[in-house]
Amino acid sequence: MASIFNGLNIGYSGLSAAQLGINTTGHNISNAETDGYTRQRVVQQSTTPLGSIIPGAQGNGTQVKEIVRIHDEFVYNSYRDASASKEYWDFSRFTLEELSTYFPEIENVGIKYDMQEYFNLWGDLSINPDNQAIKIALAKQTEVLSGDIQQTREQITALQVTLNDQLKTSVDEVNRLSAQIANLNAAITETESIEGQHANDLRDQRGVLEVAVAKLVDASFFEGNLFSNMPADRNVIEKGGDYTMNIAGFNIIDGKSFHPIVVENDESPGGFYKISYERQDGVLIPMDDEIHGGRMGSILDLRGNNFDSDGNLTNGQLQEIMNQLDGFATGLIESTNNLYAQGAQAEMLSDSVSLTPASVLNDSRYNFEIGDFDVVAYDIDGNEAARRTINITATTVMDDTVYNAAGNIVTPGTTNSIIGQLRLPQDDNGDGNVNNDIDSILISQFTYDSLSAQGSFAIKTDEARFAGYTFGVEDNQDNGLASGTNFAGALGLSRFFDGNDAKNIDLAHELEKDPSLIKANKAPIDGDNQLANDMLQLQFEDITFRVNGIEVTDDLYGYYDSIVTDVGTRTNAAITVDETVTAKYQAVLLSYESISKVNIDEELVNLIKYQTAYGAAAKIITTIDQMLDTLLGLKQ
């Protein structure tokens, strides 16, 4: 049978429960603005009653069963995933908006405007082909156009390098956070090894780190089985058991064990980082292709995540735009140089090219087209002395001449080679004289250095026999393209532009030093403006632009507009998706906070409730104390 002192214990149990409730409420209030903190609740139950008495068991006070956090794992997962998606699109949007500023196609600003001014000056030169002031202005405008193309390419490259550096920083951050999660797992396991104990604050800290990791990379988190706690709160759905964190199919965290991600750039000439998982045997397994979410996924999609055999990037949104800009610059360079080779001169020498004498032109990496071009020779008075058509077929090579060890010809080249066609004895001008034709007037050769694996094509007039003669290379447009075969353009035989893409496009060095050397004439005759007219017309002609093995036929303005449109389309798409994802994130965040975030008004109500309970429990003790005084007074 219970004694009067049992009543004191009941009152004390009420005091203790109310005190713990006040402490927990105070803990909630003090952490109301703590990132990732989940509100906690005290769960009470009555203690085991005393033995049976009539009319029933006598209560023995209250006890705190557990302190739980109000956490719904399903809502939390949605919040974590939404955070990762928002980070991906926020970062993509920011980067693409910056990229779009590199193409300011507004009035009097941008590459397109520079190109219009450039062609306008060719038009002025066609009207006054010998005007030195116009040539100087054309040279300056060419440098402006080339400079803007180069600057745009450099800006994109710098942005790509910045993303590459951020990738390294992000991987380091994932490793740092993962190590902290592994340490927290050990502490959580130790705390919860005691029955009824919940590592609420430690789990909150781990949740903050999980969201941070998810924002960086598309990680998956697993922890045993889900369980609910309806008596505590209908919103309590927790996880428990063995913990793993998986990235790109690899377990980075197993319980309290952590396996760092490897990031290195030793094999990349551009310094681009590769991400790998290191097996226990030291073998590195690439992860780049399997990372798609979070900031790292956005960086890899923008920067690129595939490499060729030389360690250069082959994909990525920035790389694709750079490739298009390179294709545009290459098309401009080669089509211009191809036309400029029409201007009469005494000698042409190609760039060093990765071609052997037996290399099939149509199968090489250079932009040769099947068709034909004319080599035209002019006499000292500027009259056309000879013309020969050179064919490029699907099997044409540079030189199939057979030479002996001394370099003398054993077997002449055939019509299946460029050199063979140039040297072939034939009556080009139909005058019955075989000594005043292209094969007599011009000396042509193709030299190849096996050590450097580089070749060079040269053609010049035979000054000993034809002093004062000049020649030009005129491409025929049977294929409907301004570039025709692009033979002179692909080899760089006669350069108005130096360089081969957007990285190094520039006005030819000799023309930069002396703009008066700019040719407006095709034939060596004063007042001839045919070359300048052809240059002016080039802006409206179709050109073949090549990007990653894909050929696109368009004029210069049309192709450049397609690049600008592509940048704008990518940026607008990122903005639209980001706005949608942000709206979804806000909705999920609201749902998550409605369950787990501390509500100050609610906590103040709880504080009053526990304060009242504490006062009532204290009243029980003071009442029993008075009863004891009465009993002791009776004894006296």
# chains A, B, ... in the order shown; residues from 1 in each chain; ligands from 1
>>> residues_around(residues="Asp528 (chain A)", least_positions_apart="5", cutoff="12 Å", atoms="only C-alpha atoms", output="VMD selection string")
chain A and resid 125 to 130 343 to 344 382 519 to 523 533 to 534
>>> write_last_selection(atoms="N, CA and C atoms", output="PDB file, in the first residue's frame")
ATOM      1  N   LEU A 125      37.325  49.712-101.051  1.00  0.00           N
ATOM      2  CA  LEU A 125      38.559  49.420-101.783  1.00  0.00           C
ATOM      3  C   LEU A 125      38.245  48.986-103.213  1.00  0.00           C
ATOM      4  N   SER A 126      37.100  48.344-103.428  1.00  0.00           N
ATOM      5  CA  SER A 126      36.744  47.946-104.793  1.00  0.00           C
ATOM      6  C   SER A 126      36.466  49.165-105.664  1.00  0.00           C
ATOM      7  N   ILE A 127      36.037  50.266-105.034  1.00  0.00           N
ATOM      8  CA  ILE A 127      35.789  51.501-105.778  1.00  0.00           C
ATOM      9  C   ILE A 127      37.098  52.242-106.045  1.00  0.00           C
ATOM     10  N   ASN A 128      37.999  52.191-105.060  1.00  0.00           N
ATOM     11  CA  ASN A 128      39.307  52.859-105.204  1.00  0.00           C
ATOM     12  C   ASN A 128      40.408  51.843-104.885  1.00  0.00           C
ATOM     13  N   PRO A 129      40.703  50.929-105.819  1.00  0.00           N
ATOM     14  CA  PRO A 129      41.598  49.802-105.520  1.00  0.00           C
ATOM     15  C   PRO A 129      43.042  50.191-105.212  1.00  0.00           C
ATOM     16  N   ASP A 130      43.446  51.395-105.541  1.00  0.00           N
ATOM     17  CA  ASP A 130      44.826  51.797-105.290  1.00  0.00           C
ATOM     18  C   ASP A 130      44.931  52.822-104.165  1.00  0.00           C
ATOM     19  N   GLY A 343      44.946  36.805-106.145  1.00  0.00           N
ATOM     20  CA  GLY A 343      45.797  37.950-106.445  1.00  0.00           C
ATOM     21  C   GLY A 343      47.149  37.509-106.975  1.00  0.00           C
ATOM     22  N   ALA A 344      47.550  38.066-108.099  1.00  0.00           N
ATOM     23  CA  ALA A 344      48.782  37.647-108.774  1.00  0.00           C
ATOM     24  C   ALA A 344      50.012  37.918-107.916  1.00  0.00           C
ATOM     25  N   GLY A 382      50.759  41.850-117.492  1.00  0.00           N
ATOM     26  CA  GLY A 382      49.492  41.608-116.814  1.00  0.00           C
ATOM     27  C   GLY A 382      48.499  40.832-117.630  1.00  0.00           C
ATOM     28  N   LYS A 519      46.237  43.505-101.511  1.00  0.00           N
ATOM     29  CA  LYS A 519      45.894  43.439-102.942  1.00  0.00           C
ATOM     30  C   LYS A 519      44.387  43.592-103.123  1.00  0.00           C
ATOM     31  N   ALA A 520      44.010  44.433-104.062  1.00  0.00           N
ATOM     32  CA  ALA A 520      42.606  44.557-104.466  1.00  0.00           C
ATOM     33  C   ALA A 520      42.408  43.963-105.854  1.00  0.00           C
ATOM     34  N   ASN A 521      43.544  43.625-106.516  1.00  0.00           N
ATOM     35  CA  ASN A 521      43.479  43.183-107.914  1.00  0.00           C
ATOM     36  C   ASN A 521      43.716  41.687-108.032  1.00  0.00           C
ATOM     37  N   LYS A 522      43.085  41.111-109.035  1.00  0.00           N
ATOM     38  CA  LYS A 522      43.343  39.711-109.365  1.00  0.00           C
ATOM     39  C   LYS A 522      44.486  39.644-110.369  1.00  0.00           C
ATOM     40  N   ALA A 523      44.364  40.329-111.494  1.00  0.00           N
ATOM     41  CA  ALA A 523      45.443  40.424-112.486  1.00  0.00           C
ATOM     42  C   ALA A 523      46.378  41.561-112.087  1.00  0.00           C
ATOM     43  N   ASN A 533      36.205  43.108-105.272  1.00  0.00           N
ATOM     44  CA  ASN A 533      34.787  42.810-105.523  1.00  0.00           C
ATOM     45  C   ASN A 533      34.415  41.421-105.010  1.00  0.00           C
ATOM     46  N   ASP A 534      35.287  40.448-105.253  1.00  0.00           N
ATOM     47  CA  ASP A 534      35.015  39.084-104.783  1.00  0.00           C
ATOM     48  C   ASP A 534      35.002  39.020-103.257  1.00  0.00           C
TER      49      ASP A 534
END
>>> select_by_dssp(residues="region 287-433 of chain A", states="strand (DSSP E)", output="PyMOL selection string")
chain A and resi 347-349+371-378+384-392+402-403+409-411
>>> residues_around(residues="Ile600 (chain A)", least_positions_apart="5", cutoff="10 Å", atoms="only C-alpha atoms", output="PyMOL selection string")
chain A and resi 25+28-30+32+605-606
>>> residues_around(residues="Ala385 (chain A)", least_positions_apart="3", cutoff="8 Å", atoms="only C-alpha atoms", output="list in words")
Val376, Ala377, Tyr378, Asp379, Asn429, Asn436 and Asp437 of chain A
>>> write_last_selection(atoms="N, CA and C atoms", output="short mmCIF file (atom, residue, chain, number, x, y, z; two decimals), in the first residue's frame")
data_model
loop_
_atom_site.label_atom_id
_atom_site.label_comp_id
_atom_site.auth_asym_id
_atom_site.auth_seq_id
_atom_site.Cartn_x
_atom_site.Cartn_y
_atom_site.Cartn_z
N VAL A 376 46.40 30.28 -112.73
CA VAL A 376 46.45 31.24 -113.84
C VAL A 376 47.78 31.99 -113.80
N ALA A 377 48.51 31.98 -114.91
CA ALA A 377 49.79 32.70 -115.01
C ALA A 377 49.60 33.97 -115.82
N TYR A 378 50.25 35.06 -115.37
CA TYR A 378 50.17 36.36 -116.06
C TYR A 378 51.59 36.75 -116.51
N ASP A 379 51.64 37.35 -117.73
CA ASP A 379 52.96 37.80 -118.21
C ASP A 379 53.32 39.13 -117.58
N ASN A 429 47.49 26.99 -123.38
CA ASN A 429 46.91 28.15 -124.08
C ASN A 429 46.58 27.89 -125.54
N ASN A 436 55.49 27.43 -122.99
CA ASN A 436 54.96 28.62 -122.32
C ASN A 436 53.67 28.30 -121.58
N ASP A 437 53.64 27.11 -121.01
CA ASP A 437 52.45 26.66 -120.28
C ASP A 437 52.75 26.60 -118.78
#
